[in-house]
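> Got protein-v3.cif for you, mmCIF, C-alpha atoms:
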data_final
loop_
_atom_site.group_PDB
_atom_site.id
_atom_site.type_symbol
_atom_site.label_atom_id
_atom_site.label_comp_id
_atom_site.auth_asym_id
_atom_site.auth_seq_id
_atom_site.Cartn_x
_atom_site.Cartn_y
_atom_site.Cartn_z
ATOM 1 C CA MET A 24 8.158 10.198 9.303
ATOM 2 C CA LYS A 25 4.477 10.986 8.915
ATOM 3 C CA LEU A 26 1.874 8.688 10.441
ATOM 4 C CA GLY A 27 -1.642 8.168 9.113
ATOM 5 C CA PHE A 28 -4.197 5.592 8.038
ATOM 6 C CA LEU A 29 -5.963 4.347 4.918
ATOM 7 C CA THR A 30 -9.501 5.635 4.535
ATOM 8 C CA ASN A 31 -12.201 6.838 2.225
ATOM 9 C CA TYR A 32 -12.279 10.620 2.085
ATOM 10 C CA SER A 33 -14.871 12.534 4.066
ATOM 11 C CA GLN A 34 -14.984 15.726 6.117
ATOM 12 C CA GLU A 35 -15.777 13.620 9.173
ATOM 13 C CA ILE A 36 -12.684 11.450 8.813
ATOM 14 C CA VAL A 37 -10.503 14.522 8.274
ATOM 15 C CA ARG A 38 -11.771 15.981 11.545
ATOM 16 C CA PHE A 39 -11.264 12.661 13.357
ATOM 17 C CA ALA A 40 -7.640 12.422 12.168
ATOM 18 C CA SER A 41 -7.002 16.056 13.012
ATOM 19 C CA ALA A 42 -8.253 15.599 16.565
ATOM 20 C CA ASP A 43 -5.968 12.604 17.159
ATOM 21 C CA PRO A 44 -2.407 13.713 18.058
ATOM 22 C CA SER A 45 -0.909 10.592 16.470
ATOM 23 C CA PHE A 46 -1.931 11.389 12.890
ATOM 24 C CA ASN A 47 -0.714 13.957 10.380
ATOM 25 C CA CYS A 48 -1.502 12.316 7.029
ATOM 26 C CA LEU A 49 -4.057 10.130 5.253
ATOM 27 C CA GLU A 50 -3.911 7.538 2.512
ATOM 28 C CA ILE A 51 -7.119 8.003 0.545
ATOM 29 C CA SER A 52 -8.878 5.318 -1.462
ATOM 30 C CA GLY A 53 -9.487 6.795 -4.868
ATOM 31 C CA PRO A 54 -9.043 9.625 -5.439
ATOM 32 C CA PRO A 55 -12.758 10.452 -5.471
ATOM 33 C CA MET A 56 -14.067 10.671 -9.014
ATOM 34 C CA GLU A 57 -15.148 14.272 -8.520
ATOM 35 C CA TRP A 58 -11.512 15.264 -7.978
ATOM 36 C CA THR A 59 -10.258 13.994 -11.338
ATOM 37 C CA GLY A 60 -10.275 15.768 -14.679
ATOM 38 C CA ASP A 61 -9.698 19.270 -16.021
ATOM 39 C CA THR A 62 -13.165 20.675 -15.422
ATOM 40 C CA ASP A 63 -13.813 23.673 -13.198
ATOM 41 C CA GLN A 64 -15.853 21.438 -10.906
ATOM 42 C CA ALA A 65 -13.000 18.940 -10.484
ATOM 43 C CA GLN A 66 -10.474 21.680 -9.785
ATOM 44 C CA ALA A 67 -12.781 23.251 -7.210
ATOM 45 C CA ALA A 68 -13.442 19.874 -5.537
ATOM 46 C CA ARG A 69 -9.790 18.943 -5.086
ATOM 47 C CA LEU A 70 -8.742 22.431 -4.004
ATOM 48 C CA GLY A 71 -11.578 22.507 -1.492
ATOM 49 C CA ALA A 72 -10.387 19.171 -0.092
ATOM 50 C CA LEU A 73 -6.782 20.364 -0.046
ATOM 51 C CA ASN A 74 -7.742 23.480 1.920
ATOM 52 C CA LEU A 75 -9.736 21.423 4.428
ATOM 53 C CA LEU A 76 -6.813 19.049 4.937
ATOM 54 C CA ARG A 77 -4.357 21.907 5.440
ATOM 55 C CA GLU A 78 -6.683 23.697 7.855
ATOM 56 C CA ASN A 79 -6.708 20.503 9.900
ATOM 57 C CA GLY A 80 -2.945 19.991 9.801
ATOM 58 C CA LEU A 81 -3.052 16.995 7.461
ATOM 59 C CA THR A 82 -1.564 15.986 4.132
ATOM 60 C CA VAL A 83 -2.404 13.215 1.690
ATOM 61 C CA SER A 84 0.442 10.715 1.868
ATOM 62 C CA SER A 85 -0.883 8.628 -1.006
ATOM 63 C CA PHE A 86 -3.834 7.470 -3.044
ATOM 64 C CA LEU A 87 -4.724 3.782 -3.105
ATOM 65 C CA ILE A 88 -5.572 2.949 -6.715
ATOM 66 C CA GLN A 89 -6.162 -0.001 -9.012
ATOM 67 C CA TRP A 90 -3.163 -0.796 -11.199
ATOM 68 C CA PRO A 91 -3.386 -1.936 -14.814
ATOM 69 C CA SER A 92 -3.079 -5.705 -15.162
ATOM 70 C CA ILE A 93 0.155 -7.001 -16.645
ATOM 71 C CA ARG A 94 -2.145 -8.683 -19.186
ATOM 72 C CA THR A 95 -3.396 -5.316 -20.441
ATOM 73 C CA SER A 96 -3.518 -5.263 -24.239
ATOM 74 C CA LYS A 97 -1.686 -2.641 -26.250
ATOM 75 C CA ASP A 98 -5.033 -1.274 -27.403
ATOM 76 C CA ASP A 99 -6.179 -0.797 -23.797
ATOM 77 C CA LEU A 100 -2.880 0.561 -22.506
ATOM 78 C CA THR A 101 -3.468 4.040 -23.930
ATOM 79 C CA GLY A 102 -6.680 4.352 -21.939
ATOM 80 C CA GLU A 103 -4.978 3.078 -18.784
ATOM 81 C CA LEU A 104 -2.180 5.623 -19.149
ATOM 82 C CA GLY A 105 -4.783 8.349 -19.543
ATOM 83 C CA ARG A 106 -6.497 7.229 -16.337
ATOM 84 C CA LEU A 107 -3.223 7.071 -14.419
ATOM 85 C CA GLY A 108 -2.202 10.460 -15.777
ATOM 86 C CA GLN A 109 -5.350 12.040 -14.349
ATOM 87 C CA ILE A 110 -4.660 10.443 -10.965
ATOM 88 C CA MET A 111 -1.076 11.706 -11.074
ATOM 89 C CA ASP A 112 -2.384 15.199 -11.707
ATOM 90 C CA VAL A 113 -4.439 14.942 -8.512
ATOM 91 C CA CYS A 114 -1.366 13.600 -6.680
ATOM 92 C CA LYS A 115 0.569 16.646 -7.831
ATOM 93 C CA VAL A 116 -2.033 19.034 -6.435
ATOM 94 C CA MET A 117 -2.085 17.099 -3.171
ATOM 95 C CA ASP A 118 1.545 17.916 -2.356
ATOM 96 C CA ASN A 119 3.029 15.204 -4.582
ATOM 97 C CA ALA A 120 1.102 12.357 -2.977
ATOM 98 C CA ILE A 121 2.335 8.865 -3.803
ATOM 99 C CA MET A 122 0.303 6.683 -6.165
ATOM 100 C CA ALA A 123 0.017 3.335 -4.398
ATOM 101 C CA GLY A 124 -1.919 0.096 -4.404
ATOM 102 C CA ALA A 125 -1.806 -3.688 -4.425
ATOM 103 C CA GLY A 126 -0.381 -5.397 -7.450
ATOM 104 C CA PRO A 127 0.119 -5.238 -10.295
ATOM 105 C CA LEU A 128 -2.311 -8.098 -10.840
ATOM 106 C CA GLY A 129 -2.575 -10.452 -13.799
ATOM 107 C CA TYR A 130 -0.044 -13.132 -12.897
ATOM 108 C CA ASP A 131 -0.197 -16.017 -15.366
ATOM 109 C CA PRO A 132 0.755 -19.403 -13.841
ATOM 110 C CA GLU A 133 0.880 -20.941 -17.330
ATOM 111 C CA ILE A 134 4.118 -19.093 -18.101
ATOM 112 C CA SER A 135 7.383 -18.674 -16.205
ATOM 113 C CA LEU A 136 8.079 -16.032 -13.588
ATOM 114 C CA GLU A 137 10.463 -14.407 -16.044
ATOM 115 C CA GLY A 138 7.677 -14.360 -18.619
ATOM 116 C CA ASN A 139 5.394 -12.543 -16.182
ATOM 117 C CA VAL A 140 8.118 -10.018 -15.427
ATOM 118 C CA ALA A 141 8.554 -9.465 -19.164
ATOM 119 C CA ARG A 142 4.840 -8.624 -19.388
ATOM 120 C CA TYR A 143 5.272 -6.240 -16.469
ATOM 121 C CA LYS A 144 8.132 -4.514 -18.270
ATOM 122 C CA GLU A 145 6.049 -4.034 -21.399
ATOM 123 C CA ILE A 146 3.092 -2.508 -19.543
ATOM 124 C CA TYR A 147 4.898 -0.580 -16.824
ATOM 125 C CA SER A 148 7.821 0.964 -18.683
ATOM 126 C CA PRO A 149 5.448 3.628 -20.087
ATOM 127 C CA VAL A 150 3.861 3.984 -16.623
ATOM 128 C CA ALA A 151 7.316 4.754 -15.215
ATOM 129 C CA ASP A 152 7.975 7.252 -18.005
ATOM 130 C CA LEU A 153 4.671 8.990 -17.278
ATOM 131 C CA ALA A 154 5.336 9.090 -13.520
ATOM 132 C CA GLU A 155 8.810 10.514 -14.107
ATOM 133 C CA SER A 156 7.433 13.232 -16.376
ATOM 134 C CA LYS A 157 4.905 14.253 -13.711
ATOM 135 C CA GLY A 158 7.244 13.886 -10.733
ATOM 136 C CA ILE A 159 5.118 11.296 -8.933
ATOM 137 C CA LYS A 160 6.250 8.147 -7.106
ATOM 138 C CA VAL A 161 4.657 4.749 -7.702
ATOM 139 C CA ALA A 162 4.413 2.219 -4.848
ATOM 140 C CA PHE A 163 3.279 -1.396 -5.181
ATOM 141 C CA GLU A 164 1.799 -3.061 -2.114
ATOM 142 C CA ASN A 165 3.067 -6.627 -1.793
ATOM 143 C CA TRP A 166 -0.419 -8.135 -1.493
ATOM 144 C CA PRO A 167 -0.233 -11.733 -2.744
ATOM 145 C CA GLY A 168 -3.766 -12.100 -4.109
ATOM 146 C CA ASP A 169 -7.101 -13.157 -2.711
ATOM 147 C CA ARG A 170 -7.367 -15.857 -0.080
ATOM 148 C CA ARG A 171 -8.512 -18.538 -2.502
ATOM 149 C CA SER A 172 -5.919 -18.176 -5.241
ATOM 150 C CA GLY A 173 -3.080 -16.986 -3.000
ATOM 151 C CA PRO A 174 0.411 -16.242 -4.297
ATOM 152 C CA PHE A 175 1.057 -17.160 -7.930
ATOM 153 C CA GLY A 176 -2.570 -18.014 -8.656
ATOM 154 C CA ASP A 177 -4.290 -17.128 -11.904
ATOM 155 C CA GLY A 178 -4.603 -13.341 -12.063
ATOM 156 C CA ALA A 179 -2.841 -12.811 -8.744
ATOM 157 C CA SER A 180 -0.330 -10.124 -7.844
ATOM 158 C CA LEU A 181 3.187 -10.067 -9.205
ATOM 159 C CA ALA A 182 4.916 -8.064 -6.456
ATOM 160 C CA VAL A 183 4.746 -10.802 -3.810
ATOM 161 C CA THR A 184 8.305 -11.580 -2.653
ATOM 162 C CA PRO A 185 11.673 -9.824 -2.432
ATOM 163 C CA GLU A 186 12.970 -12.091 -5.211
ATOM 164 C CA ILE A 187 10.310 -10.744 -7.571
ATOM 165 C CA TRP A 188 10.800 -7.137 -6.451
ATOM 166 C CA GLY A 189 14.407 -7.406 -7.548
ATOM 167 C CA LEU A 190 13.376 -8.710 -10.964
ATOM 168 C CA MET A 191 10.762 -5.960 -11.329
ATOM 169 C CA PHE A 192 13.178 -3.164 -10.455
ATOM 170 C CA GLU A 193 15.751 -4.617 -12.819
ATOM 171 C CA ALA A 194 13.166 -4.770 -15.606
ATOM 172 C CA VAL A 195 11.919 -1.209 -15.001
ATOM 173 C CA PRO A 196 14.827 0.512 -13.238
ATOM 174 C CA SER A 197 13.288 3.965 -12.754
ATOM 175 C CA SER A 198 13.697 5.167 -9.167
ATOM 176 C CA VAL A 199 10.078 6.390 -9.093
ATOM 177 C CA MET A 200 8.956 2.749 -9.057
ATOM 178 C CA GLY A 201 8.939 1.394 -5.520
ATOM 179 C CA LEU A 202 7.116 -0.416 -2.740
ATOM 180 C CA GLU A 203 4.273 0.103 -0.360
ATOM 181 C CA LEU A 204 5.893 -2.347 2.042
ATOM 182 C CA ASP A 205 3.317 -4.317 4.044
ATOM 183 C CA PRO A 206 4.909 -6.684 6.587
ATOM 184 C CA SER A 207 1.622 -8.534 7.190
ATOM 185 C CA HIS A 208 1.816 -10.268 3.818
ATOM 186 C CA LEU A 209 5.424 -11.310 4.399
ATOM 187 C CA ILE A 210 4.858 -12.665 7.913
ATOM 188 C CA TRP A 211 2.643 -15.590 6.931
ATOM 189 C CA GLN A 212 4.961 -16.445 4.031
ATOM 190 C CA LYS A 213 7.781 -16.746 6.598
ATOM 191 C CA ILE A 214 9.699 -13.945 4.862
ATOM 192 C CA ASP A 215 11.856 -11.691 7.051
ATOM 193 C CA ALA A 216 10.268 -8.248 6.661
ATOM 194 C CA HIS A 217 13.174 -6.507 8.386
ATOM 195 C CA ALA A 218 15.664 -8.041 5.960
ATOM 196 C CA ALA A 219 13.387 -7.104 3.071
ATOM 197 C CA LEU A 220 13.328 -3.480 4.218
ATOM 198 C CA ASN A 221 17.092 -3.474 4.514
ATOM 199 C CA GLU A 222 17.563 -4.934 1.020
ATOM 200 C CA PHE A 223 15.137 -2.545 -0.684
ATOM 201 C CA ALA A 224 15.586 0.555 1.474
ATOM 202 C CA ASP A 225 15.955 2.798 -1.574
ATOM 203 C CA ARG A 226 12.664 1.503 -3.020
ATOM 204 C CA VAL A 227 10.418 1.772 0.043
ATOM 205 C CA HIS A 228 8.194 4.756 -0.740
ATOM 206 C CA ILE A 229 5.572 4.055 1.933
ATOM 207 C CA ILE A 230 4.933 1.520 4.702
ATOM 208 C CA HIS A 231 1.555 -0.129 5.222
ATOM 209 C CA ALA A 232 1.286 -0.735 8.938
ATOM 210 C CA LYS A 233 -0.562 -4.016 9.349
ATOM 211 C CA ASP A 234 0.343 -7.099 11.368
ATOM 212 C CA THR A 235 -0.571 -10.777 11.051
ATOM 213 C CA GLU A 236 -1.451 -13.060 13.941
ATOM 214 C CA ILE A 237 -0.744 -16.746 13.269
ATOM 215 C CA PHE A 238 -2.435 -19.490 15.283
ATOM 216 C CA ASP A 239 0.498 -21.902 15.306
ATOM 217 C CA SER A 240 -1.391 -24.842 16.817
ATOM 218 C CA ARG A 241 -3.927 -24.742 13.971
ATOM 219 C CA VAL A 242 -1.204 -24.550 11.337
ATOM 220 C CA LYS A 243 0.583 -27.531 12.882
ATOM 221 C CA HIS A 244 -2.614 -29.579 12.800
ATOM 222 C CA ASP A 245 -4.310 -28.450 9.582
ATOM 223 C CA GLY A 246 -1.606 -26.727 7.520
ATOM 224 C CA ILE A 247 -2.083 -23.465 5.656
ATOM 225 C CA PHE A 248 -4.178 -24.956 2.840
ATOM 226 C CA ARG A 249 -7.085 -26.146 4.995
ATOM 227 C CA ARG A 250 -10.325 -25.736 3.036
ATOM 228 C CA SER A 251 -13.289 -24.522 5.036
ATOM 229 C CA SER A 252 -15.796 -21.719 5.131
ATOM 230 C CA SER A 253 -13.457 -19.857 7.461
ATOM 231 C CA GLY A 254 -10.546 -20.171 5.022
ATOM 232 C CA TRP A 255 -7.607 -17.969 5.947
ATOM 233 C CA GLY A 256 -9.341 -16.902 9.160
ATOM 234 C CA HIS A 257 -8.985 -20.430 10.525
ATOM 235 C CA TRP A 258 -5.232 -20.219 11.071
ATOM 236 C CA GLY A 259 -4.431 -16.510 10.869
ATOM 237 C CA ARG A 260 -5.862 -13.035 10.791
ATOM 238 C CA TYR A 261 -4.718 -9.497 10.160
ATOM 239 C CA ARG A 262 -4.203 -7.327 13.236
ATOM 240 C CA LEU A 263 -3.458 -3.700 13.934
ATOM 241 C CA PRO A 264 0.128 -2.889 14.924
ATOM 242 C CA GLY A 265 0.402 -3.269 18.680
ATOM 243 C CA PHE A 266 -1.938 -6.258 18.867
ATOM 244 C CA ALA A 267 0.224 -9.052 17.407
ATOM 245 C CA HIS A 268 3.905 -9.931 17.472
ATOM 246 C CA PHE A 269 5.774 -8.072 14.720
ATOM 247 C CA ASP A 270 8.617 -5.828 15.941
ATOM 248 C CA TRP A 271 7.488 -2.411 14.682
ATOM 249 C CA GLN A 272 9.999 -0.547 16.823
ATOM 250 C CA LYS A 273 12.847 -2.393 15.096
ATOM 251 C CA LEU A 274 11.411 -1.728 11.629
ATOM 252 C CA LEU A 275 10.943 1.985 12.250
ATOM 253 C CA ALA A 276 14.372 2.282 13.873
ATOM 254 C CA MET A 277 15.825 0.698 10.726
ATOM 255 C CA CYS A 278 14.012 3.349 8.676
ATOM 256 C CA HIS A 279 15.769 6.076 10.644
ATOM 257 C CA GLU A 280 19.131 4.325 10.312
ATOM 258 C CA ARG A 281 18.685 3.994 6.557
ATOM 259 C CA GLN A 282 17.236 7.523 6.240
ATOM 260 C CA ILE A 283 13.927 6.265 4.880
ATOM 261 C CA GLU A 284 11.604 9.230 5.407
ATOM 262 C CA CYS A 285 8.460 7.619 4.063
ATOM 263 C CA PRO A 286 4.890 7.811 5.384
ATOM 264 C CA VAL A 287 3.670 5.059 7.706
ATOM 265 C CA VAL A 288 -0.003 4.302 7.031
ATOM 266 C CA ILE A 289 -2.200 1.976 9.094
ATOM 267 C CA GLU A 290 -4.260 -0.404 6.964
ATOM 268 C CA HIS A 291 -7.061 -1.399 9.325
ATOM 269 C CA GLU A 292 -8.325 -4.932 8.639
ATOM 270 C CA ASP A 293 -8.421 -6.054 12.266
ATOM 271 C CA PRO A 294 -11.631 -8.028 12.995
ATOM 272 C CA VAL A 295 -11.347 -7.377 16.735
ATOM 273 C CA PHE A 296 -11.740 -3.631 16.165
ATOM 274 C CA SER A 297 -14.375 -3.789 13.449
ATOM 275 C CA GLY A 298 -17.746 -2.071 13.300
ATOM 276 C CA ASP A 299 -18.347 0.382 16.121
ATOM 277 C CA ARG A 300 -14.784 -0.149 17.400
ATOM 278 C CA ARG A 301 -13.053 0.769 14.129
ATOM 279 C CA LEU A 302 -12.041 4.296 15.157
ATOM 280 C CA GLU A 303 -10.972 3.042 18.585
ATOM 281 C CA GLY A 304 -8.626 0.609 16.842
ATOM 282 C CA LEU A 305 -7.085 3.379 14.754
ATOM 283 C CA THR A 306 -6.562 5.536 17.843
ATOM 284 C CA ARG A 307 -4.954 2.754 19.865
ATOM 285 C CA SER A 308 -2.719 1.571 17.037
ATOM 286 C CA GLY A 309 -1.774 5.142 16.148
ATOM 287 C CA LYS A 310 -0.635 5.781 19.701
ATOM 288 C CA PHE A 311 1.400 2.571 19.679
ATOM 289 C CA LEU A 312 3.142 3.427 16.389
ATOM 290 C CA LYS A 313 3.813 7.022 17.406
ATOM 291 C CA ASN A 314 5.647 5.712 20.442
ATOM 292 C CA CYS A 315 7.750 3.519 18.118
ATOM 293 C CA LEU A 316 8.816 6.443 15.962
ATOM 294 C CA LEU A 317 12.117 8.112 16.802
ATOM 295 C CA GLN A 318 11.167 11.751 17.062
ATOM 296 C CA ALA A 319 13.613 14.401 15.832
#
Render the structure in this file as structure tokens.


Amino acid sequence: MKLGFLTNYSQEIVRFASADPSFNCLEISGPPMEWTGDTDQAQAARLGALNLLRENGLTVSSFLIQWPSIRTSKDDLTGELGRLGQIMDVCKVMDNAIMAGAGPLGYDPEISLEGNVARYKEIYSPVADLAESKGIKVAFENWPGDRRSGPFGDGASLAVTPEIWGLMFEAVPSSVMGLELDPSHLIWQKIDAHAALNEFADRVHIIHAKDTEIFDSRVKHDGIFRRSSSGWGHWGRYRLPGFAHFDWQKLLAMCHERQIECPVVIEHEDPVFSGDRRLEGLTRSGKFLKNCLLQA
């Protein structure tokens, strides 16, 4: 399994990752606009980046993108498919990188869950067809929505719980459609992330390595819906793997048992290692996760 982290692309970050023995891949936010399209400039830009990555012993595991809303109109869908097609072309050049990201967004609380899944089927069946034709995998991160609306709020994400994943994969059964499994978003919902991995092993295309620290005493006193300027940060916060309580060794051992050979990508949203300590956090968490991986 390859280990990396989510980042914007730059020559500096490529050299940082290359110098760290824990990392051999990157998930890139984008891709950068200058990489997309059929122009000579775009081709030169992405090939130049590809050569730099290879020279430094790295690959692109995935690109973090914005998915079309499940409320996308038929008139707008053609444009969205064109945009996704260009991203898939970049993925293809970058050693068949996975197209990943949170969502799809657009959940409508005024209709049933089944109604929202029906909208997903209408919009994403052609996305699956396009991905199949280009040989690219699609991975939805199970982000539940922003901290104010939360799960099942207006416009929030659809791919929030294992129950919904099952409905989504039944609606659009293509094997290219899968998950960017992020345990941090399951932890605070009290969902068993290990059981979720086991149930959807054949759909886990990539793992987002992020943990959640819960302040139990605050939850017991104030509940999870406490309204304040601190919001979510009052009773919980995201942490890097190795600095909270999730059993990453068990999860990664399960991946080996189930022959899930997907990339593991750190999503760094840890406030303790922010600012000048950001790269330190990546290094420390990378070392922790590398020690959890069962090496061949």

> Which of these, A:Pro44, A:Leu305, A:Thr59, A:Gln34, has the shortest distance to A:Asn74 once you count all atoms listed in the file?

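Nearest to A:Asn74: A:Gln34.
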
> Since I can't run it myself right now, could you work out what the PyMOL selection byres ((chain A and resi 186-198) around 12) selects here and report it as number ranges by chain?

A: 93, 126-127, 130, 136-156, 158-165, 167, 174-175, 180-185, 199-204, 214, 219-220, 222-228

> With all atoms listed in the file as the atoms that count, which of A:Gly27, A:Gly53, A:Gly124, A:Pro91 lies nearest to A:Ser308?

A:Gly27

> Please determine, counting only C-alpha atoms, which residue among A:Thr95, A:Val288, A:Ser207, A:Glu78 has the shortest atom-to-atom distance to A:Ile51.

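Looking only at the distances to A:Ile51, the closest residue turns out to be A:Val288.
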
> Separation of atom CA of A:Gly102 and atom CA of A:Val116, in Å?

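Taking atom CA of A:Gly102 and atom CA of A:Val116, their separation equals 21.9 Å.
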
> Quick one: distance from atom CA of A:Gln66 to atom CA of A:Gln89 in Å, one decimal?

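One can read the atom CA of A:Gln66 to atom CA of A:Gln89 distance as 22.1 Å.
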
> With only C-alpha atoms as the counted atoms, please give the residues lying no more than 12 Å from A:Glu303, apart from itself and same-chain residues fewer than 6 positions off, as JSON, numbers by chain.

{"A": [39, 40, 43, 263, 291, 293, 295, 296, 297, 309, 310]}

> Missing atoms in stretch 128-147 of chain A need filling: write out N, CA and C atoms for it as a PDB file, keeping the file's coordinate frame.


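File part15.pdb, as written:
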ATOM      1  N   LEU A 128      -1.685  -6.794 -10.702  1.00  0.00           N
ATOM      2  CA  LEU A 128      -2.311  -8.098 -10.840  1.00  0.00           C
ATOM      3  C   LEU A 128      -2.128  -8.636 -12.262  1.00  0.00           C
ATOM      4  N   GLY A 129      -2.636  -9.852 -12.473  1.00  0.00           N
ATOM      5  CA  GLY A 129      -2.575 -10.452 -13.799  1.00  0.00           C
ATOM      6  C   GLY A 129      -1.575 -11.571 -13.941  1.00  0.00           C
ATOM      7  N   TYR A 130      -1.039 -12.056 -12.822  1.00  0.00           N
ATOM      8  CA  TYR A 130      -0.044 -13.132 -12.897  1.00  0.00           C
ATOM      9  C   TYR A 130      -0.612 -14.327 -13.669  1.00  0.00           C
ATOM     10  N   ASP A 131       0.213 -14.883 -14.535  1.00  0.00           N
ATOM     11  CA  ASP A 131      -0.197 -16.017 -15.366  1.00  0.00           C
ATOM     12  C   ASP A 131       0.614 -17.243 -14.975  1.00  0.00           C
ATOM     13  N   PRO A 132       0.012 -18.218 -14.270  1.00  0.00           N
ATOM     14  CA  PRO A 132       0.755 -19.403 -13.841  1.00  0.00           C
ATOM     15  C   PRO A 132       1.106 -20.344 -14.985  1.00  0.00           C
ATOM     16  N   GLU A 133       0.577 -20.086 -16.182  1.00  0.00           N
ATOM     17  CA  GLU A 133       0.880 -20.941 -17.330  1.00  0.00           C
ATOM     18  C   GLU A 133       2.216 -20.597 -17.971  1.00  0.00           C
ATOM     19  N   ILE A 134       2.806 -19.453 -17.572  1.00  0.00           N
ATOM     20  CA  ILE A 134       4.118 -19.093 -18.101  1.00  0.00           C
ATOM     21  C   ILE A 134       5.086 -18.918 -16.938  1.00  0.00           C
ATOM     22  N   SER A 135       6.355 -18.764 -17.237  1.00  0.00           N
ATOM     23  CA  SER A 135       7.383 -18.674 -16.205  1.00  0.00           C
ATOM     24  C   SER A 135       7.306 -17.336 -15.462  1.00  0.00           C
ATOM     25  N   LEU A 136       7.975 -17.291 -14.324  1.00  0.00           N
ATOM     26  CA  LEU A 136       8.079 -16.032 -13.588  1.00  0.00           C
ATOM     27  C   LEU A 136       8.729 -14.965 -14.460  1.00  0.00           C
ATOM     28  N   GLU A 137       9.780 -15.364 -15.174  1.00  0.00           N
ATOM     29  CA  GLU A 137      10.463 -14.407 -16.044  1.00  0.00           C
ATOM     30  C   GLU A 137       9.529 -13.899 -17.141  1.00  0.00           C
ATOM     31  N   GLY A 138       8.652 -14.782 -17.621  1.00  0.00           N
ATOM     32  CA  GLY A 138       7.677 -14.360 -18.619  1.00  0.00           C
ATOM     33  C   GLY A 138       6.693 -13.342 -18.071  1.00  0.00           C
ATOM     34  N   ASN A 139       6.275 -13.515 -16.815  1.00  0.00           N
ATOM     35  CA  ASN A 139       5.394 -12.543 -16.182  1.00  0.00           C
ATOM     36  C   ASN A 139       6.100 -11.204 -15.968  1.00  0.00           C
ATOM     37  N   VAL A 140       7.357 -11.261 -15.599  1.00  0.00           N
ATOM     38  CA  VAL A 140       8.118 -10.018 -15.427  1.00  0.00           C
ATOM     39  C   VAL A 140       8.293  -9.302 -16.766  1.00  0.00           C
ATOM     40  N   ALA A 141       8.452 -10.067 -17.832  1.00  0.00           N
ATOM     41  CA  ALA A 141       8.554  -9.465 -19.164  1.00  0.00           C
ATOM     42  C   ALA A 141       7.262  -8.726 -19.526  1.00  0.00           C
ATOM     43  N   ARG A 142       6.117  -9.308 -19.159  1.00  0.00           N
ATOM     44  CA  ARG A 142       4.840  -8.624 -19.388  1.00  0.00           C
ATOM     45  C   ARG A 142       4.772  -7.343 -18.561  1.00  0.00           C
ATOM     46  N   TYR A 143       5.232  -7.425 -17.324  1.00  0.00           N
ATOM     47  CA  TYR A 143       5.272  -6.240 -16.469  1.00  0.00           C
ATOM     48  C   TYR A 143       6.111  -5.140 -17.118  1.00  0.00           C
ATOM     49  N   LYS A 144       7.263  -5.508 -17.642  1.00  0.00           N
ATOM     50  CA  LYS A 144       8.132  -4.514 -18.270  1.00  0.00           C
ATOM     51  C   LYS A 144       7.439  -3.829 -19.439  1.00  0.00           C
ATOM     52  N   GLU A 145       6.720  -4.594 -20.226  1.00  0.00           N
ATOM     53  CA  GLU A 145       6.049  -4.034 -21.399  1.00  0.00           C
ATOM     54  C   GLU A 145       4.962  -3.044 -20.998  1.00  0.00           C
ATOM     55  N   ILE A 146       4.204  -3.364 -19.957  1.00  0.00           N
ATOM     56  CA  ILE A 146       3.092  -2.508 -19.543  1.00  0.00           C
ATOM     57  C   ILE A 146       3.568  -1.348 -18.679  1.00  0.00           C
ATOM     58  N   TYR A 147       4.549  -1.580 -17.819  1.00  0.00           N
ATOM     59  CA  TYR A 147       4.898  -0.580 -16.824  1.00  0.00           C
ATOM     60  C   TYR A 147       6.080   0.314 -17.183  1.00  0.00           C
TER      61      TYR A 147
END
